[in-house]
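Trainee: Just so it is clear, I am handing over model-v2.tsv, which has TSV, C-alpha atoms.
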```tsv
chain	number	residue	atom	x	y	z
A	25	MET	CA	0.00	0.00	0.00
A	26	TRP	CA	2.72	2.43	0.97
A	27	ARG	CA	4.66	1.90	-2.25
A	28	ASP	CA	1.54	2.52	-4.35
A	29	LEU	CA	0.66	5.73	-2.52
A	30	LEU	CA	4.17	7.15	-2.16
A	31	PRO	CA	4.64	8.69	-5.66
A	32	ILE	CA	1.27	10.47	-5.77
A	33	GLY	CA	1.62	14.25	-5.61
A	34	ARG	CA	5.35	14.21	-4.90
A	35	ASP	CA	7.25	17.30	-6.02
A	36	ALA	CA	10.53	16.45	-7.74
A	37	ASP	CA	12.29	19.61	-6.58
A	38	SER	CA	11.35	19.72	-2.88
A	39	GLY	CA	10.78	16.01	-2.30
A	40	GLY	CA	7.60	16.99	-0.46
A	41	TYR	CA	3.96	16.37	-1.31
A	42	ARG	CA	1.36	18.64	-2.86
A	43	ARG	CA	-1.81	16.64	-2.39
A	44	ILE	CA	-4.02	19.70	-2.27
A	45	ALA	CA	-7.79	19.26	-1.96
A	46	TRP	CA	-9.76	18.80	-5.19
A	47	THR	CA	-6.68	18.70	-7.45
A	48	GLY	CA	-5.35	15.92	-9.66
A	49	ALA	CA	-3.11	14.54	-6.91
A	50	ASP	CA	-6.07	14.48	-4.54
A	51	ALA	CA	-8.11	12.60	-7.14
A	52	ASP	CA	-5.34	10.02	-7.48
A	53	CYS	CA	-5.28	9.55	-3.70
A	54	ARG	CA	-9.05	9.10	-3.70
A	55	ALA	CA	-8.83	6.52	-6.48
A	56	TRP	CA	-6.23	4.67	-4.42
A	57	PHE	CA	-8.59	4.66	-1.40
A	58	ARG	CA	-11.45	3.26	-3.46
A	59	ASP	CA	-9.20	0.55	-4.91
A	60	GLN	CA	-8.09	-0.46	-1.40
A	61	ALA	CA	-11.71	-0.70	-0.24
A	62	GLU	CA	-12.96	-2.68	-3.20
A	63	SER	CA	-9.99	-5.06	-3.27
A	64	ARG	CA	-10.95	-6.09	0.30
A	65	GLY	CA	-14.64	-6.52	-0.47
A	66	LEU	CA	-15.56	-3.47	1.62
A	67	ALA	CA	-18.64	-1.44	0.74
A	68	TYR	CA	-17.41	1.89	-0.69
A	69	GLU	CA	-19.36	5.13	-0.08
A	70	LEU	CA	-18.83	8.77	-0.94
A	71	ASP	CA	-20.79	11.05	1.37
A	72	ARG	CA	-22.41	14.38	0.56
A	73	ASN	CA	-19.25	16.31	1.56
A	74	GLY	CA	-16.77	14.27	-0.46
A	75	ASN	CA	-15.53	12.14	2.45
A	76	GLN	CA	-14.78	8.52	1.53
A	77	TRP	CA	-15.97	5.50	3.53
A	78	ALA	CA	-15.17	1.79	3.33
A	79	TRP	CA	-17.52	-0.43	5.37
A	80	LEU	CA	-17.13	-3.92	6.81
A	81	GLY	CA	-20.61	-4.87	7.99
A	82	ASP	CA	-23.91	-3.05	7.64
A	83	PRO	CA	-23.60	0.64	8.64
A	84	ALA	CA	-27.37	0.80	9.18
A	85	LEU	CA	-26.91	-1.33	12.31
A	86	GLY	CA	-25.27	1.66	14.02
A	87	ASN	CA	-22.79	1.77	16.91
A	88	ALA	CA	-20.02	1.39	14.34
A	89	VAL	CA	-16.32	1.62	15.13
A	90	VAL	CA	-14.65	3.89	12.56
A	91	THR	CA	-10.96	4.54	11.99
A	92	GLY	CA	-9.03	6.54	9.39
A	93	SER	CA	-7.56	9.97	8.80
A	94	HIS	CA	-6.86	12.06	5.66
A	95	LEU	CA	-4.81	11.86	2.46
A	96	ASP	CA	-4.35	15.55	1.56
A	97	SER	CA	-1.22	17.49	2.53
A	98	VAL	CA	0.12	20.94	3.26
A	99	PRO	CA	2.27	22.40	0.44
A	100	ASP	CA	5.49	20.36	0.32
A	101	GLY	CA	4.35	18.28	3.28
A	102	GLY	CA	5.67	14.92	4.38
A	103	ALA	CA	4.55	11.44	3.45
A	104	PHE	CA	3.18	10.39	6.84
A	105	ASP	CA	0.88	13.16	8.11
A	106	GLY	CA	-2.56	11.77	7.33
A	107	PRO	CA	-1.73	8.87	4.99
A	108	LEU	CA	-0.15	6.85	7.81
A	109	GLY	CA	-3.55	6.75	9.52
A	110	VAL	CA	-5.38	5.60	6.38
A	111	VAL	CA	-2.80	2.98	5.37
A	112	SER	CA	-2.65	1.69	8.96
A	113	SER	CA	-6.45	1.43	9.09
A	114	PHE	CA	-6.61	-0.87	6.07
A	115	ALA	CA	-3.66	-2.84	7.43
A	116	ALA	CA	-5.38	-3.17	10.82
A	117	LEU	CA	-8.47	-4.65	9.12
A	118	ASP	CA	-6.18	-7.10	7.34
A	119	GLU	CA	-4.68	-8.03	10.70
A	120	LEU	CA	-8.11	-8.61	12.25
A	121	ARG	CA	-8.99	-10.97	9.41
A	122	ALA	CA	-5.66	-12.79	9.82
A	123	ARG	CA	-6.48	-13.26	13.52
A	124	GLY	CA	-9.90	-14.67	12.67
A	125	ALA	CA	-11.57	-11.93	14.70
A	126	GLU	CA	-15.34	-11.68	14.27
A	127	PRO	CA	-16.70	-8.10	14.46
A	128	ALA	CA	-19.91	-7.74	16.44
A	129	ARG	CA	-20.22	-4.12	15.33
A	130	PRO	CA	-19.82	-2.54	11.88
A	131	LEU	CA	-16.29	-1.34	11.09
A	132	ALA	CA	-15.27	1.41	8.67
A	133	VAL	CA	-12.23	3.21	7.31
A	134	VAL	CA	-12.68	6.89	6.38
A	135	ASN	CA	-10.70	9.45	4.40
A	136	PHE	CA	-11.82	12.94	5.40
A	137	GLY	CA	-11.43	15.56	2.67
A	138	ASP	CA	-9.37	18.76	2.91
A	139	GLU	CA	-8.12	18.21	6.45
A	140	GLU	CA	-5.06	20.42	6.08
A	141	GLY	CA	-6.93	23.44	4.70
A	142	ALA	CA	-4.04	24.23	2.36
A	143	ARG	CA	-6.27	25.45	-0.46
A	144	PHE	CA	-9.11	27.36	1.18
A	145	GLY	CA	-7.47	28.39	4.45
A	146	LEU	CA	-9.78	26.40	6.73
A	147	ALA	CA	-8.66	23.12	8.23
A	148	CYS	CA	-10.80	19.97	8.53
A	149	VAL	CA	-13.37	21.08	5.95
A	150	GLY	CA	-14.78	17.58	5.38
A	151	SER	CA	-15.32	16.77	9.06
A	152	ARG	CA	-16.51	20.31	9.85
A	153	LEU	CA	-19.17	20.04	7.14
A	154	ALA	CA	-20.26	16.58	8.28
A	155	SER	CA	-20.59	17.68	11.91
A	156	GLY	CA	-22.33	20.95	11.08
A	157	GLN	CA	-19.49	23.10	12.40
A	158	LEU	CA	-19.17	24.58	8.90
A	159	GLY	CA	-22.44	25.59	7.27
A	160	ALA	CA	-23.17	25.25	3.57
A	161	GLU	CA	-23.37	29.02	3.13
A	162	GLN	CA	-19.96	29.49	4.78
A	163	ALA	CA	-18.51	26.69	2.69
A	164	HIS	CA	-19.77	28.25	-0.54
A	165	ALA	CA	-17.99	31.49	0.41
A	166	LEU	CA	-14.55	29.83	0.72
A	167	ARG	CA	-12.09	30.90	-1.99
A	168	ASP	CA	-8.59	29.80	-2.88
A	169	ALA	CA	-5.73	32.09	-3.93
A	170	ASP	CA	-6.97	32.11	-7.54
A	171	GLY	CA	-10.52	33.06	-6.55
A	172	THR	CA	-11.93	29.57	-7.16
A	173	SER	CA	-14.70	28.75	-4.71
A	174	LEU	CA	-14.98	25.45	-2.86
A	175	PRO	CA	-18.14	24.47	-4.83
A	176	GLN	CA	-16.40	25.27	-8.12
A	177	ALA	CA	-13.38	23.16	-7.15
A	178	MET	CA	-15.59	20.24	-6.13
A	179	GLU	CA	-17.64	20.47	-9.31
A	180	ARG	CA	-14.53	20.52	-11.50
A	181	ALA	CA	-13.38	17.38	-9.69
A	182	GLY	CA	-16.67	15.65	-10.53
A	183	TYR	CA	-18.62	16.14	-7.29
A	184	ASP	CA	-22.00	17.75	-6.69
A	185	PRO	CA	-21.49	20.77	-4.38
A	186	ALA	CA	-25.25	21.30	-4.02
A	187	ARG	CA	-25.34	18.43	-1.53
A	188	ILE	CA	-22.74	19.67	0.96
A	189	GLY	CA	-23.86	20.25	4.52
A	190	PRO	CA	-24.42	18.57	7.90
A	191	ASP	CA	-24.64	14.78	7.88
A	192	PRO	CA	-26.20	13.89	11.27
A	193	GLU	CA	-27.65	10.56	10.11
A	194	ARG	CA	-24.22	9.28	9.10
A	195	LEU	CA	-22.60	10.47	12.32
A	196	ALA	CA	-25.40	8.84	14.33
A	197	ARG	CA	-24.19	5.45	13.02
A	198	ILE	CA	-20.81	5.90	14.71
A	199	GLY	CA	-20.26	4.59	18.22
A	200	ALA	CA	-16.54	5.43	18.31
A	201	PHE	CA	-13.96	7.04	16.03
A	202	VAL	CA	-10.27	6.25	16.51
A	203	GLU	CA	-7.68	8.12	14.45
A	204	LEU	CA	-4.08	6.97	14.18
A	205	HIS	CA	-1.57	9.70	13.36
A	206	LEU	CA	2.14	10.33	13.26
A	207	GLU	CA	3.18	12.12	16.45
A	208	GLN	CA	3.94	15.76	15.68
A	209	GLY	CA	6.51	16.16	18.42
A	210	ARG	CA	9.04	13.99	20.26
A	211	ALA	CA	7.36	12.80	23.45
A	212	LEU	CA	7.59	9.21	22.16
A	213	ALA	CA	11.17	9.58	20.90
A	214	PRO	CA	13.57	6.80	22.00
A	215	ALA	CA	15.65	7.31	25.12
A	216	GLY	CA	18.98	8.93	24.35
A	217	SER	CA	17.63	10.72	21.27
A	218	GLY	CA	17.88	14.15	22.85
A	219	SER	CA	14.17	14.47	23.64
A	220	THR	CA	13.54	15.95	27.07
A	221	ALA	CA	10.21	14.12	27.34
A	222	SER	CA	11.19	10.70	26.00
A	223	SER	CA	8.91	7.78	26.85
A	224	GLY	CA	10.55	5.03	24.81
A	225	HIS	CA	7.17	3.71	23.60
A	226	PRO	CA	6.43	3.48	19.86
A	227	VAL	CA	2.72	4.25	20.34
A	228	GLY	CA	0.83	6.65	22.61
A	229	VAL	CA	-2.75	7.71	23.30
A	230	ALA	CA	-3.93	11.32	22.98
A	231	SER	CA	-5.34	13.08	26.03
A	232	ALA	CA	-6.35	16.40	24.48
A	233	ILE	CA	-5.83	18.84	21.61
A	234	TRP	CA	-4.74	22.37	22.46
A	235	PRO	CA	-7.11	25.17	21.46
A	236	HIS	CA	-5.95	26.82	18.24
A	237	GLY	CA	-7.00	29.24	15.55
A	238	ARG	CA	-6.05	31.22	12.47
A	239	TRP	CA	-6.15	34.99	12.17
A	240	ARG	CA	-5.67	37.13	9.03
A	241	PHE	CA	-3.75	40.38	9.52
A	242	ASP	CA	-4.21	42.99	6.77
A	243	PHE	CA	-1.63	45.77	6.84
A	244	HIS	CA	-2.75	48.64	4.56
A	245	GLY	CA	-0.10	51.19	3.61
A	246	GLU	CA	0.65	53.26	0.51
A	247	ALA	CA	2.22	51.94	-2.68
A	248	ASN	CA	5.16	54.01	-3.87
A	249	HIS	CA	8.48	53.92	-5.69
A	250	ALA	CA	11.29	52.13	-3.83
A	251	GLY	CA	13.94	54.32	-5.45
A	252	THR	CA	12.45	57.79	-5.07
A	253	THR	CA	10.38	57.81	-1.87
A	254	ARG	CA	12.22	59.13	1.16
A	255	ILE	CA	12.24	56.83	4.20
A	256	GLU	CA	10.42	59.44	6.30
A	257	ASP	CA	7.69	59.79	3.66
A	258	ARG	CA	6.83	56.11	3.47
A	259	ARG	CA	3.78	54.25	4.77
A	260	ASP	CA	5.32	50.83	4.40
A	261	PRO	CA	3.12	47.94	5.62
A	262	MET	CA	6.05	45.52	5.41
A	263	LEU	CA	7.64	47.20	8.43
A	264	THR	CA	4.49	46.76	10.48
A	265	TYR	CA	4.17	43.17	9.37
A	266	ALA	CA	7.80	42.41	10.27
A	267	ALA	CA	7.42	43.99	13.70
A	268	THR	CA	4.26	41.95	14.28
A	269	VAL	CA	6.06	38.70	13.41
A	270	LEU	CA	8.73	39.50	15.98
A	271	ALA	CA	6.10	40.45	18.55
A	272	ALA	CA	4.31	37.13	17.99
A	273	ARG	CA	7.50	35.20	18.65
A	274	GLU	CA	8.21	37.17	21.81
A	275	ARG	CA	4.66	37.01	23.26
A	276	ALA	CA	4.30	33.28	22.57
A	277	GLY	CA	7.69	32.49	24.08
A	278	LEU	CA	6.86	34.34	27.28
A	279	ALA	CA	3.52	32.55	27.65
A	280	GLY	CA	4.68	29.03	26.74
A	281	ALA	CA	2.37	29.15	23.73
A	282	LEU	CA	2.90	28.91	19.96
A	283	ALA	CA	2.47	31.64	17.34
A	284	THR	CA	3.49	31.37	13.70
A	285	PHE	CA	3.18	33.60	10.65
A	286	GLY	CA	3.68	30.97	7.95
A	287	LYS	CA	1.88	32.56	4.99
A	288	VAL	CA	2.13	36.06	3.54
A	289	ARG	CA	0.96	37.89	0.40
A	290	VAL	CA	2.27	41.23	-0.79
A	291	VAL	CA	0.49	43.68	-3.10
A	292	PRO	CA	1.64	44.70	-5.68
A	293	GLY	CA	4.65	42.46	-5.04
A	294	GLY	CA	7.29	44.33	-7.06
A	295	VAL	CA	10.94	44.32	-6.07
A	296	ASN	CA	11.18	48.07	-6.70
A	297	ALA	CA	7.82	48.96	-5.15
A	298	ILE	CA	6.73	49.77	-1.62
A	299	ALA	CA	3.75	47.55	-0.88
A	300	SER	CA	0.22	48.88	-0.56
A	301	LEU	CA	-0.93	45.77	1.32
A	302	VAL	CA	0.74	43.01	3.24
A	303	ARG	CA	-1.56	40.19	4.29
A	304	GLY	CA	-0.23	37.67	6.79
A	305	TRP	CA	-1.84	34.69	8.48
A	306	LEU	CA	-1.21	33.92	12.14
A	307	ASP	CA	-1.54	30.40	13.52
A	308	SER	CA	-1.57	30.35	17.31
A	309	ARG	CA	-2.02	27.57	19.88
A	310	ALA	CA	-1.79	27.22	23.65
A	311	ALA	CA	-2.49	24.74	26.41
A	312	ASP	CA	-5.69	26.56	27.42
A	313	GLU	CA	-8.07	29.05	25.86
A	314	GLU	CA	-7.30	31.86	28.33
A	315	THR	CA	-3.60	31.79	27.44
A	316	LEU	CA	-4.38	31.64	23.73
A	317	ALA	CA	-6.73	34.63	23.95
A	318	ALA	CA	-4.17	36.61	25.92
A	319	VAL	CA	-1.33	35.88	23.48
A	320	VAL	CA	-3.35	36.72	20.38
A	321	GLY	CA	-4.68	39.87	22.04
A	322	GLU	CA	-1.13	41.03	22.77
A	323	ILE	CA	-0.06	40.33	19.18
A	324	GLU	CA	-3.03	42.30	17.87
A	325	ARG	CA	-2.23	45.28	20.14
A	326	ALA	CA	1.43	45.20	19.09
A	327	ALA	CA	0.38	45.26	15.43
A	328	VAL	CA	-1.98	48.20	15.86
A	329	GLN	CA	0.53	50.20	17.92
A	330	ARG	CA	3.30	49.67	15.40
A	331	GLY	CA	0.89	50.47	12.56
A	332	ALA	CA	0.18	53.84	14.14
A	333	LEU	CA	3.90	54.63	14.10
A	334	ASP	CA	4.26	53.52	10.46
A	335	GLY	CA	1.10	55.19	9.16
A	336	VAL	CA	-0.34	51.76	8.40
A	337	ASP	CA	-3.94	50.69	8.97
A	338	VAL	CA	-4.19	47.24	10.58
A	339	ARG	CA	-7.30	45.08	10.23
A	340	ILE	CA	-7.58	41.68	11.87
A	341	THR	CA	-10.04	38.88	11.05
A	342	ARG	CA	-10.38	35.60	12.93
A	343	GLU	CA	-10.83	33.00	10.20
A	344	SER	CA	-11.14	29.89	12.36
A	345	PHE	CA	-11.04	28.80	15.97
A	346	THR	CA	-11.15	25.37	17.60
A	347	PRO	CA	-11.57	25.22	21.38
A	348	VAL	CA	-9.70	22.77	23.58
A	349	VAL	CA	-10.66	19.16	22.91
A	350	GLU	CA	-10.64	16.71	25.81
A	351	PHE	CA	-11.00	13.29	24.26
A	352	GLU	CA	-13.80	11.23	25.78
A	353	HIS	CA	-12.26	9.89	28.97
A	354	GLY	CA	-13.96	6.50	28.93
A	355	LEU	CA	-12.80	5.71	25.40
A	356	ARG	CA	-9.35	7.17	26.01
A	357	ASP	CA	-8.89	5.09	29.17
A	358	LYS	CA	-10.15	1.95	27.42
A	359	LEU	CA	-7.55	2.41	24.68
A	360	ALA	CA	-4.83	2.93	27.27
A	361	GLY	CA	-5.94	-0.28	29.02
A	362	LEU	CA	-5.99	-2.28	25.78
A	363	LEU	CA	-2.48	-1.15	24.85
A	364	GLY	CA	-0.76	-1.34	28.22
A	365	LYS	CA	1.53	-4.38	28.37
A	366	ASP	CA	2.96	-6.30	31.36
A	367	GLY	CA	1.87	-3.65	33.81
A	368	VAL	CA	3.57	-0.86	31.82
A	369	PRO	CA	1.04	1.86	30.92
A	370	VAL	CA	0.95	3.32	27.45
A	371	PRO	CA	1.90	7.03	27.32
A	372	VAL	CA	-1.03	9.46	27.34
A	373	LEU	CA	-0.07	12.85	25.89
A	374	PRO	CA	-1.59	16.09	24.60
A	375	THR	CA	-0.97	17.58	21.16
A	376	GLY	CA	-0.94	21.06	19.72
A	377	ALA	CA	-2.05	19.87	16.26
A	378	GLY	CA	-5.66	19.86	15.08
A	379	HIS	CA	-7.25	16.71	13.66
A	380	ASP	CA	-10.55	15.43	12.31
A	381	ALA	CA	-10.91	13.45	15.55
A	382	GLY	CA	-10.97	16.75	17.44
A	383	ILE	CA	-13.73	18.13	15.21
A	384	LEU	CA	-15.84	14.97	15.50
A	385	SER	CA	-15.43	14.85	19.28
A	386	ALA	CA	-18.37	17.23	19.65
A	387	SER	CA	-20.63	14.68	17.90
A	388	VAL	CA	-19.26	11.20	18.65
A	389	PRO	CA	-16.81	9.60	21.14
A	390	THR	CA	-13.34	9.97	19.63
A	391	ALA	CA	-9.79	8.96	20.49
A	392	MET	CA	-6.34	9.12	18.89
A	393	LEU	CA	-3.23	6.97	18.70
A	394	PHE	CA	0.18	8.49	17.97
A	395	VAL	CA	3.07	6.65	16.31
A	396	ARG	CA	6.59	7.64	17.28
A	397	ASN	CA	8.30	10.32	15.18
A	398	PRO	CA	12.08	10.10	15.76
A	399	THR	CA	12.83	13.67	14.67
A	400	GLY	CA	9.62	15.40	15.71
A	401	VAL	CA	9.56	17.07	12.28
A	402	SER	CA	6.17	17.33	10.56
A	403	HIS	CA	4.64	19.29	7.65
A	404	SER	CA	8.01	18.89	5.93
A	405	PRO	CA	9.67	16.45	3.49
A	406	ALA	CA	11.90	15.45	6.44
A	407	GLU	CA	8.91	13.91	8.23
A	408	THR	CA	9.55	10.21	8.87
A	409	ALA	CA	8.81	7.15	10.96
A	410	ALA	CA	10.61	3.82	11.30
A	411	GLU	CA	8.98	0.78	9.68
A	412	ASP	CA	8.99	-1.14	12.99
A	413	ASP	CA	7.16	1.74	14.69
A	414	CYS	CA	4.60	1.92	11.88
A	415	LEU	CA	4.00	-1.83	12.23
A	416	ALA	CA	3.64	-1.38	15.99
A	417	GLY	CA	1.01	1.25	15.22
A	418	VAL	CA	-0.89	-1.19	13.00
A	419	THR	CA	-0.80	-3.83	15.73
A	420	ALA	CA	-1.97	-1.32	18.33
A	421	LEU	CA	-4.83	-0.15	16.10
A	422	ALA	CA	-5.84	-3.75	15.40
A	423	ASP	CA	-5.81	-4.43	19.16
A	424	VAL	CA	-8.05	-1.41	19.69
A	425	LEU	CA	-10.49	-2.33	16.93
A	426	GLU	CA	-10.66	-5.91	18.20
A	427	GLY	CA	-11.25	-4.73	21.76
A	428	LEU	CA	-13.98	-2.31	20.73
A	429	ALA	CA	-15.77	-4.14	17.92
A	430	CYS	CA	-15.13	-7.88	18.05
A	431	ARG	CA	-16.59	-10.73	20.05
```
Using structure tokens, write down the structure from this file.
Mentor:
Amino acid sequence: MWRDLLPIGRDADSGGYRRIAWTGADADCRAWFRDQAESRGLAYELDRNGNQWAWLGDPALGNAVVTGSHLDSVPDGGAFDGPLGVVSSFAALDELRARGAEPARPLAVVNFGDEEGARFGLACVGSRLASGQLGAEQAHALRDADGTSLPQAMERAGYDPARIGPDPERLARIGAFVELHLEQGRALAPAGSGSTASSGHPVGVASAIWPHGRWRFDFHGEANHAGTTRIEDRRDPMLTYAATVLAARERAGLAGALATFGKVRVVPGGVNAIASLVRGWLDSRAADEETLAAVVGEIERAAVQRGALDGVDVRITRESFTPVVEFEHGLRDKLAGLLGKDGVPVPVLPTGAGHDAGILSASVPTAMLFVRNPTGVSHSPAETAAEDDCLAGVTALADVLEGLACR
């Protein structure tokens, strides 16, 4: 499975992946998913929001145990973020069959669409639509950098955008959702690897997802000639933007939070022109919502104050926000009990990364498994995991599915 999926969407120059939602690479990933489902005799479904499902057993019976993740990527992302969860889910079903396990509940593998939000700026679009956290009207208003709307992109890819919206009947079938994912950090890194929080275990269980959000900062200045405009006569939004980036780093560091400006657009974008507009996107996360609100508030104030000095108008829009997610304690503790061996408990750890499991947690009981990441690097071509650890993840997921769904 991994060999078949590995070339899809890979960029020859960066070595990373560009599996952006509703593009050709995304279509190839979706075709791969359908092939995997049908080759196993699973019932394949495409829901109203473009999420893919592969069913073992009758979903109409309800109380299903669902596993899976996503196949799309950030620009030049790594091979494991998302796909590891989908590949491992199919492999875990294979393992259950090899064990002769008999499911007493329906089982399913899912590929949620546009989890990374790389195209339209909003993460977890597929699961947000399904759970009703993103309305159809809001979804129709989403635009990519070229001005293409989400419905237009879906239609061009062969899907009917008129059907998108909440899917409560489908979610009502689910009794538990378990997502396996590469750890995006080093809490599971082997002892002696330099990690200060090393556990030595190849697999861990998630306790919670930090609250996080995305904010768009628009810095409006005055376009002018770079070679003739005196420094004191300039209203340069790039200066305000740069000062805000530094302020974000400082405020987050002091609070033990995270703040990143990872995307920026400049208008008109000429080498010999002072910009009229600099638009930057802030991603910020913290262990609790109060800290997150305080950090973002300080960054906003720093931007406005610096803008006043530079003659730049600063406008800030919150584009998305996900509150803290505490995974359902009963399910989380059951997973920890199933995976603990010889009296040694499995690590239970929080994460600062958002996931479809976090979105669905408001609608169904959800849990997550993390597979060890030796470098801690993610959203990068350097993202990796050892084969033995990936196989340990498959075994752990199979143990969980057997414990939850089989006689």
Trainee: Please, what distance in Å, to one decimal, runs between CA of Arg275 (chain A) and CA of Pro405 (chain A)?
Mentor: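 Between CA of Arg275 (chain A) and CA of Pro405 (chain A) the gap is 29.0 Å.
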Trainee: Near region 311-316 of chain A, counting only C-alpha atoms, which residues have an atom at most 8 Å away, once you skip same-chain residues fewer than 4 positions from it, shown as a list in words?
Mentor: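 Final neighbour list, sorted by chain and number: Trp234, Pro235, His236, Ala279, Ala281, Val320, Pro347, Val348 and Gly376 of chain A.
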Trainee: For a quick check of understanding, using only C-alpha atoms, which of A:Gly74, A:Pro130, A:Pro192, A:Pro374 has the smallest distance to Pro175 (chain A)?
Mentor: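 Of A:Gly74, A:Pro130, A:Pro192, A:Pro374, the one nearest Pro175 (chain A), counting only C-alpha atoms, is A:Gly74.
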Trainee: Measuring between all atoms listed in the file, which one of A:His244, A:Arg238, A:Arg187, A:His353 shows the shortest distance to Leu70 (chain A)?
Mentor: A:Arg187
Trainee: Env of region 79-81 of chain A: 7 Å cut, atoms = all atoms listed in the file, seq-sep filter 5 positions within chain, self excluded. Answer as a short mmCIF file (atom, residue, chain, number, x, y, z; two decimals) with C-alpha atoms, keeping the file's coordinate frame.
Mentor:
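around.cif written:
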```cif
data_model
loop_
_atom_site.label_atom_id
_atom_site.label_comp_id
_atom_site.auth_asym_id
_atom_site.auth_seq_id
_atom_site.Cartn_x
_atom_site.Cartn_y
_atom_site.Cartn_z
CA LEU A 66 -15.56 -3.47 1.62
CA ALA A 67 -18.64 -1.44 0.74
CA TYR A 68 -17.41 1.89 -0.69
CA PRO A 130 -19.82 -2.54 11.88
CA LEU A 131 -16.29 -1.34 11.09
CA ALA A 132 -15.27 1.41 8.67
CA VAL A 133 -12.23 3.21 7.31
#
```
